[in-house]
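Heads up: the structure comes next, in structure tokens.
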2 protein chains.
Amino acid sequence: MPKSTFYNLSNEKKERIFDAALQEFSIRTFSQASVNQIIKNAGIPKGSFYQYFNNKEDLYLYVIEVASKEKIELFNHVKGMDPDADVFEVITHTTREFLERGKVKPGYVEAAMLMEMDNSEITMKIRKSSTEKFVKMVERDKERGLIKPEVDSELVINMISTFSLHEYYRNGADKERYLKNLDDAIKIIKEGIAVCKD
Amino acid sequence: MPKSTFYNLSNEKKERIFDAALQEFSIRTFSQASVNQIIKNAGIPKGSFYQYFNNKEDLYLYVIEVASKEKIELFNHVKGMDPDADVFEVITHTTREFLERGKVKPGYVEAAMLMEMDNSEITMKIRKSSTEKFVKMVERDKERGLIKPEVDSELVINMISTFSLHEYYRNGADKERYLKNLDDAIKIIKEGIAVCKD
DNA sequence: TCATCACATGACCACCTGGTCACAAATAGA
DNA sequence: TCTATTTGTGACCAGGTGGTCATGTGATGA
């Protein structure tokens, strides 16, 4: 965790540092990300950086923590959502909200996606906590008779999130195409592609 | 491409270098992989390395090329395969063959997976050529009346391959669990998870 | 006014990176 | 045997990395 000196900083400076870090972590993975680049973007001397953070990982974890808290917050406050909506509707709706947030905060979505790629213990934990809400919704939909009871709820969510991640990555700037493919994929998972035999 | 000096090398030495590279690229992405580490593992001096290859990328592309050729070869010669099998059966069968190959050649599967992560132009191209066979099989299954004609064939294959990749990564050494999850995912894609309304 | 203390700063460090190059050794041809 | 050409070799280079630290600065309180 950051040192007390960091928290004592003005909000403006804190934000400047955070944004610079977010930007760097949105284009490079942890090991590739450069502290020198971050301090240059933030406009602070190197010495100051190490007065605020113990090391690069310290900053990384901080960024992850803040960003994922925001993400979870976002997931919990999906506006204008029908309370009776099924998992699929909630996921597509949330994804759209998520992308909107990225328009305001540059690097926001990209960093979150890159972190998903990362398979370190911390990110695994965070990933788990952010997906469990959806897993529970699958369970609920099973009880409501919308989803076959024998399917593995976590597997379903994993399928959607891994696809979502990759698709976002591959389509880059073309958000519309990404959303369309995600919708299609979800539809497939929901209904399958096999011709009905009944 | 490697220089002529490399191809003039004895098979033993060529293989030693290739294996060392494969090992390195199986645990680190291109940018993280270290030439120094590779030459140390291969037991050749630095000067020699640059007499064989123009640079790190040159070696990387060579490894990709050889490995992907092997992979495609493997995909085209699935032994003991029912010619009437549908895409799903072929995919699961091929995946198993692929994992078997990894048991003989250490780092083989891992490197292939890491390259899938890589979104550079070359790997994109290779990925496309290795998936198109499966895409065509989906099309064939559509004609056979096994798959709904309106679904996007490429999307289906993408869904499976991205999930496969991630699942392999997350489950690490537990190949059995990986294969089970892959089977389950494919079943979901095939049949869907929604309760039938008809 | 002086001492204390938190913070600011950038030169500096050891280390590692991909890549070069002058030279040594070997090989081949005459 | 002499020459020409190819191949082997590791010291070396510039540049980047994460991280340190002595010193400077400015505020606070006595």
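Residue names in the structure tokens use chain letters A, B, ... in the order shown, residue numbers from 1 in each chain, and ligand numbers from 1 in the order shown.
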
request  = Please report, as a PyMOL selection string, each residue of region 25-183 of chain B to which DSSP assigns helix (DSSP H, G or I) when run on this structure's backbone.
outcome  = chain B and resi 25-27+35-42+46-52+56-76+87-104+108-117+121-143+153-171+175-183

query = What residues in chain B lie within 10 Å of chain D, counting only C-alpha atoms (C1' of nucleotides), written as an NGL selection string?
reply = :B and (5 or 44-48 or 51)

key: 8 Å contact set for Gln23 (chain B), only C-alpha atoms (C1' of nucleotides), chain neighbours under 6 positions out, as a count of residues only   = 3

request  = Grab the CA of Leu182 (chain A) to CA of Lys133 (chain A) distance for me, in Å with one decimal place.
outcome  = 19.1 Å

Taking only C-alpha atoms into account and nothing else, which residues of chain A lie no more than 9 Å away from chain B? Please answer as an mmCIF file with N, CA and C atoms, in the first residue's frame.
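Below is the file that was written, result_5.cif:
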```
data_model
loop_
_atom_site.group_PDB
_atom_site.id
_atom_site.type_symbol
_atom_site.label_atom_id
_atom_site.label_comp_id
_atom_site.auth_asym_id
_atom_site.auth_seq_id
_atom_site.Cartn_x
_atom_site.Cartn_y
_atom_site.Cartn_z
ATOM 1 N N SER A 31 4.980 -6.013 -15.937
ATOM 2 C CA SER A 31 6.431 -6.140 -16.088
ATOM 3 C C SER A 31 6.976 -5.216 -17.164
ATOM 4 N N GLN A 32 6.128 -4.889 -18.135
ATOM 5 C CA GLN A 32 6.576 -4.012 -19.209
ATOM 6 C C GLN A 32 6.421 -2.542 -18.845
ATOM 7 N N MET A 117 -5.933 -10.194 -18.016
ATOM 8 C CA MET A 117 -4.926 -11.054 -18.629
ATOM 9 C C MET A 117 -3.959 -11.576 -17.582
ATOM 10 N N ASN A 119 -2.437 -13.145 -14.508
ATOM 11 C CA ASN A 119 -2.897 -14.272 -13.709
ATOM 12 C C ASN A 119 -2.203 -14.371 -12.350
ATOM 13 N N GLY A 145 -36.294 -21.050 -13.201
ATOM 14 C CA GLY A 145 -36.647 -21.932 -14.308
ATOM 15 C C GLY A 145 -36.249 -21.403 -15.663
ATOM 16 N N LEU A 146 -35.305 -20.467 -15.682
ATOM 17 C CA LEU A 146 -34.867 -19.905 -16.956
ATOM 18 C C LEU A 146 -33.655 -20.649 -17.506
ATOM 19 N N ILE A 147 -32.885 -21.227 -16.585
ATOM 20 C CA ILE A 147 -31.639 -21.884 -16.986
ATOM 21 C C ILE A 147 -31.625 -23.326 -16.498
ATOM 22 N N LYS A 148 -31.094 -24.189 -17.361
ATOM 23 C CA LYS A 148 -31.005 -25.595 -16.993
ATOM 24 C C LYS A 148 -30.246 -25.755 -15.681
ATOM 25 N N PRO A 149 -30.806 -26.503 -14.742
ATOM 26 C CA PRO A 149 -30.193 -26.616 -13.414
ATOM 27 C C PRO A 149 -28.860 -27.350 -13.410
ATOM 28 N N VAL A 151 -26.241 -27.059 -15.431
ATOM 29 C CA VAL A 151 -25.035 -26.391 -15.927
ATOM 30 C C VAL A 151 -24.221 -25.767 -14.788
ATOM 31 N N ASP A 152 -22.915 -25.656 -15.036
ATOM 32 C CA ASP A 152 -21.986 -25.081 -14.069
ATOM 33 C C ASP A 152 -22.042 -23.557 -14.190
ATOM 34 N N LEU A 155 -18.794 -21.695 -14.809
ATOM 35 C CA LEU A 155 -18.297 -21.939 -16.167
ATOM 36 C C LEU A 155 -18.953 -21.002 -17.169
ATOM 37 N N VAL A 156 -20.244 -20.834 -17.008
ATOM 38 C CA VAL A 156 -20.980 -19.962 -17.922
ATOM 39 C C VAL A 156 -20.419 -18.540 -17.863
ATOM 40 N N ASN A 158 -17.508 -17.612 -16.798
ATOM 41 C CA ASN A 158 -16.143 -17.630 -17.330
ATOM 42 C C ASN A 158 -16.138 -17.584 -18.853
ATOM 43 N N MET A 159 -17.046 -18.333 -19.438
ATOM 44 C CA MET A 159 -17.126 -18.342 -20.902
ATOM 45 C C MET A 159 -17.394 -16.942 -21.428
ATOM 46 N N ILE A 160 -18.353 -16.297 -20.803
ATOM 47 C CA ILE A 160 -18.718 -14.958 -21.273
ATOM 48 C C ILE A 160 -17.579 -13.969 -21.039
ATOM 49 N N THR A 162 -14.286 -14.434 -20.561
ATOM 50 C CA THR A 162 -13.084 -14.634 -21.363
ATOM 51 C C THR A 162 -13.327 -14.202 -22.804
ATOM 52 N N PHE A 163 -14.498 -14.529 -23.301
ATOM 53 C CA PHE A 163 -14.794 -14.122 -24.673
ATOM 54 C C PHE A 163 -14.838 -12.606 -24.780
ATOM 55 N N HIS A 166 -11.294 -11.128 -24.779
ATOM 56 C CA HIS A 166 -10.569 -11.320 -26.026
ATOM 57 C C HIS A 166 -11.160 -10.496 -27.158
ATOM 58 N N GLU A 167 -12.459 -10.501 -27.205
ATOM 59 C CA GLU A 167 -13.127 -9.798 -28.280
ATOM 60 C C GLU A 167 -12.832 -8.307 -28.200
ATOM 61 N N TYR A 169 -10.229 -6.986 -26.944
ATOM 62 C CA TYR A 169 -8.831 -6.829 -27.339
ATOM 63 C C TYR A 169 -8.642 -6.851 -28.842
ATOM 64 N N ARG A 170 -9.298 -7.796 -29.455
ATOM 65 C CA ARG A 170 -9.082 -7.974 -30.882
ATOM 66 C C ARG A 170 -9.748 -6.890 -31.717
ATOM 67 N N ASN A 181 -20.706 -8.647 -31.267
ATOM 68 C CA ASN A 181 -20.178 -10.003 -31.101
ATOM 69 C C ASN A 181 -20.477 -10.553 -29.709
ATOM 70 N N ASP A 184 -24.053 -11.605 -29.653
ATOM 71 C CA ASP A 184 -24.221 -12.856 -30.389
ATOM 72 C C ASP A 184 -23.731 -14.050 -29.582
ATOM 73 N N ALA A 185 -22.571 -13.859 -28.952
ATOM 74 C CA ALA A 185 -21.994 -14.954 -28.166
ATOM 75 C C ALA A 185 -22.902 -15.322 -27.005
ATOM 76 N N LYS A 187 -26.043 -14.906 -26.858
ATOM 77 C CA LYS A 187 -27.235 -15.564 -27.411
ATOM 78 C C LYS A 187 -26.952 -17.050 -27.654
ATOM 79 N N ILE A 188 -25.747 -17.308 -28.172
ATOM 80 C CA ILE A 188 -25.359 -18.698 -28.431
ATOM 81 C C ILE A 188 -25.307 -19.496 -27.141
ATOM 82 N N ILE A 189 -24.689 -18.917 -26.142
ATOM 83 C CA ILE A 189 -24.604 -19.603 -24.857
ATOM 84 C C ILE A 189 -26.001 -19.851 -24.305
ATOM 85 N N LYS A 190 -26.845 -18.874 -24.494
ATOM 86 C CA LYS A 190 -28.207 -18.985 -23.971
ATOM 87 C C LYS A 190 -29.001 -20.070 -24.692
ATOM 88 N N GLU A 191 -28.928 -20.040 -26.001
ATOM 89 C CA GLU A 191 -29.797 -20.915 -26.783
ATOM 90 C C GLU A 191 -29.113 -22.069 -27.499
ATOM 91 N N GLY A 192 -27.777 -22.011 -27.576
ATOM 92 C CA GLY A 192 -27.063 -23.067 -28.269
ATOM 93 C C GLY A 192 -27.112 -22.889 -29.765
ATOM 94 N N ILE A 193 -26.317 -23.683 -30.452
ATOM 95 C CA ILE A 193 -26.311 -23.546 -31.909
ATOM 96 C C ILE A 193 -26.814 -24.799 -32.605
ATOM 97 N N ALA A 194 -27.055 -25.830 -31.829
ATOM 98 C CA ALA A 194 -27.523 -27.072 -32.450
ATOM 99 C C ALA A 194 -28.976 -26.935 -32.895
ATOM 100 N N VAL A 195 -29.256 -27.556 -33.994
ATOM 101 C CA VAL A 195 -30.627 -27.566 -34.474
ATOM 102 C C VAL A 195 -31.474 -28.430 -33.536
ATOM 103 N N CYS A 196 -32.623 -27.902 -33.186
ATOM 104 C CA CYS A 196 -33.460 -28.610 -32.213
ATOM 105 C C CYS A 196 -33.928 -29.953 -32.774
ATOM 106 N N ASP A 198 -36.156 -31.941 -31.137
ATOM 107 C CA ASP A 198 -37.475 -32.359 -30.639
ATOM 108 C C ASP A 198 -38.562 -32.243 -31.708
#
```

Closest pair table for chain C residues within 10 Å of chain B, only C-alpha atoms (C1' of nucleotides), as CSV:
```
residue,atom,partner,partner_atom,distance
C:DC16,C1',B:Asn36,CA,9.6
C:DT17,C1',B:Ser34,CA,7.9
C:DG18,C1',B:Val35,CA,7.6
C:DG19,C1',B:Asn55,CA,7.9
C:DT20,C1',B:Gly47,CA,8.7
C:DC21,C1',B:Gly47,CA,9.3
```

inquiry  = For a test of reading the model, state the distance in Å between CA of Ala20 (chain A) and CA of Ser130 (chain A), rounded to one decimal.
reply    =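 It comes out at 24.6 Å.
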
ask   = A:Leu114, A:Leu74, A:Leu22, A:Met1: which is nearest Ala42 (chain A), counting only C-alpha atoms?
value =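 Closest residue, counting only C-alpha atoms: A:Leu22.
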
remark   = The distance between CA of Ala33 (chain A) and CA of Gly102 (chain A) is 20.2 Å

message = Env of Phe6 (chain A): 12 Å cut, atoms = only C-alpha atoms (C1' of nucleotides), seq-sep filter 4 positions within chain, self excluded. Answer as a PyMOL selection string.
response = (chain A and resi 1-2+10-18+48-54+58-59+62) or (chain C and resi 7)
